[in-house]
Amino acid sequence: MKIKHHQRNKEFFAQFRQTLYNLNPDTLQNYLSEIFTPESTIYLPFPFNTLQSGEALFDQAYAPLLHAMPDLERRDFLVMAGEANGDFWIGCAGYYMGVFEQAWLGIPPTHHIAGMRYHEFFKIVDQQIVEMQALWDIPELMMQANAWAMTPSLGVQWIAPSPAPQDGLQSDKPPNRETSLKIVYDMVDALKLSVDGHEAMNLERFWHPKMNWYGPAGIGTARQLEGFRRWHQIPFLNAMPDRIAILENGAFFADGDYVGFTAFPGMKMTLSGDGWLGIAPTNRAIDMRSLDFWRCEDGLIRENWVLVDLLHVYDQIGVDVFARMREYTYARQPK
């Protein structure tokens, strides 16, 4: 019965996806007012943060983005549905794309096609959205606009691909939710052993030898466990050895071979050690917004899409990335 319920939620959500694919501003504004409850809570990345209602989502987020990219479309490569803690969720990953014609958040336009990855989760109650948790990879757009104001990525910077089997939008995935969820949950649980060094986590038990880890702009993509450890995990653990995942406040759910996790925030830690991503150790307590999707294959994790709100991290330690970007792109800013 629950599998049928998840399928109904996907079918209900299909109109949302179609509206944002064939995007008309007036249609979108009206539709968001209908699909979100008046009391809905919407969590977006910095600098948007928390909004209330579909009207606010349109006015403060989509309308300015549409001004910058008038031909904007939202294109999913992954859509999944599941249950966590008695709540029903939809999880989506894909790209917003269009010709970047006008400045947005101070990012100068390129007048070329541009893409910005998103991870978005929606809590559904009675065919309405009561909560949205989303990260948009705004730094990815900065990078495409040659307006990068942070340190270089350690991993490879590229467009993260859709799932290898090309089944991210498939509506009849096999019901192996429990198996996929256990693989990922056990892997996440093993991360707690990092206090004894990254070897103690025994991640070879969980990850495929040809695994891909698709990180956000500012961290980049890594392949194989050695690449994941070298270009993300070891620098991350060295900088924040006391980090703790806030799993109890999040939603962990599976759909076939896919697993999603959403929480706002999903981790807390102290930025210490030798710093992270070129950020000097401030010894400040921070939290981190990170939304994840995993794909399992033959009992192992083969792909992991990860977005982290890096702009929010910088804001918590008092660094205004947007101000630095405006200085860097001064000659291209509107006068």
# chains A, B, ... in the order shown; residues from 1 in each chain; ligands from 1
>>> residues_around(residues="Asn146 of chain A", least_positions_apart="4", cutoff="10 Å", atoms="only C-alpha atoms", output="MDAnalysis selection string")
chainID A and resid 107:110 141:142 325 328:329
>>> residues_around(residues="Met116 of chain A", least_positions_apart="4", cutoff="12 Å", atoms="only C-alpha atoms", output="PyMOL selection string")
chain A and resi 65+69+72-76+93-100+135-145+158-160+216-217+307
>>> atom_distance(atom1="atom CA of His5 of chain A", atom2="atom CA of Asp255 of chain A")
12.3 Å
>>> residues_around(residues="Glu178 of chain A", least_positions_apart="6", cutoff="9 Å", atoms="only C-alpha atoms", output="number ranges by chain")
A: 253-256
>>> write_last_selection(atoms="N, CA and C atoms", output="PDB file, in the first residue's frame")
ATOM      1  N   PHE A 253      15.188   8.125   3.383  1.00  0.00           N
ATOM      2  CA  PHE A 253      14.224   7.239   2.743  1.00  0.00           C
ATOM      3  C   PHE A 253      14.805   6.682   1.445  1.00  0.00           C
ATOM      4  N   ALA A 254      14.238   5.577   1.000  1.00  0.00           N
ATOM      5  CA  ALA A 254      14.745   4.866  -0.179  1.00  0.00           C
ATOM      6  C   ALA A 254      13.635   4.635  -1.186  1.00  0.00           C
ATOM      7  N   ASP A 255      14.056   4.504  -2.444  1.00  0.00           N
ATOM      8  CA  ASP A 255      13.151   4.215  -3.543  1.00  0.00           C
ATOM      9  C   ASP A 255      13.920   3.347  -4.527  1.00  0.00           C
ATOM     10  N   GLY A 256      13.669   2.048  -4.515  1.00  0.00           N
ATOM     11  CA  GLY A 256      14.444   1.150  -5.356  1.00  0.00           C
ATOM     12  C   GLY A 256      15.904   1.174  -4.953  1.00  0.00           C
TER      13      GLY A 256
END
>>> residues_around(residues="Gly227 of chain A", least_positions_apart="6", cutoff="12 Å", atoms="only C-alpha atoms", output="PDB file with C-alpha atoms, in the first residue's frame")
ATOM      1  CA  LEU A 154      40.332  19.943  -4.722  1.00  0.00           C
ATOM      2  CA  GLY A 155      38.183  17.606  -6.816  1.00  0.00           C
ATOM      3  CA  VAL A 156      37.351  17.880 -10.499  1.00  0.00           C
ATOM      4  CA  PRO A 209      35.393   0.068  -6.427  1.00  0.00           C
ATOM      5  CA  LYS A 210      34.290   2.388  -9.254  1.00  0.00           C
ATOM      6  CA  MET A 211      32.270   4.746  -7.032  1.00  0.00           C
ATOM      7  CA  ASN A 212      31.706   8.372  -8.015  1.00  0.00           C
ATOM      8  CA  TRP A 213      31.190  11.152  -5.461  1.00  0.00           C
ATOM      9  CA  TYR A 214      29.633  14.215  -7.098  1.00  0.00           C
ATOM     10  CA  GLY A 220      34.268  18.945  -6.868  1.00  0.00           C
ATOM     11  CA  THR A 221      33.923  15.336  -7.980  1.00  0.00           C
ATOM     12  CA  GLN A 233      37.045  13.165   3.289  1.00  0.00           C
ATOM     13  CA  ILE A 234      40.519  13.578   4.779  1.00  0.00           C
ATOM     14  CA  PRO A 235      40.582  17.415   4.445  1.00  0.00           C
TER      15      PRO A 235
END
>>> closest_atom_pairs(of="segment 45-103 of chain A", to="segment 312-320 of chain A", cutoff="8 Å", atoms="only C-alpha atoms", output="JSON lines")
{"residue": "A:Pro45", "atom": "CA", "partner": "A:His312", "partner_atom": "CA", "distance": 7.2}
{"residue": "A:Phe46", "atom": "CA", "partner": "A:His312", "partner_atom": "CA", "distance": 5.3}
{"residue": "A:Pro47", "atom": "CA", "partner": "A:His312", "partner_atom": "CA", "distance": 7.5}
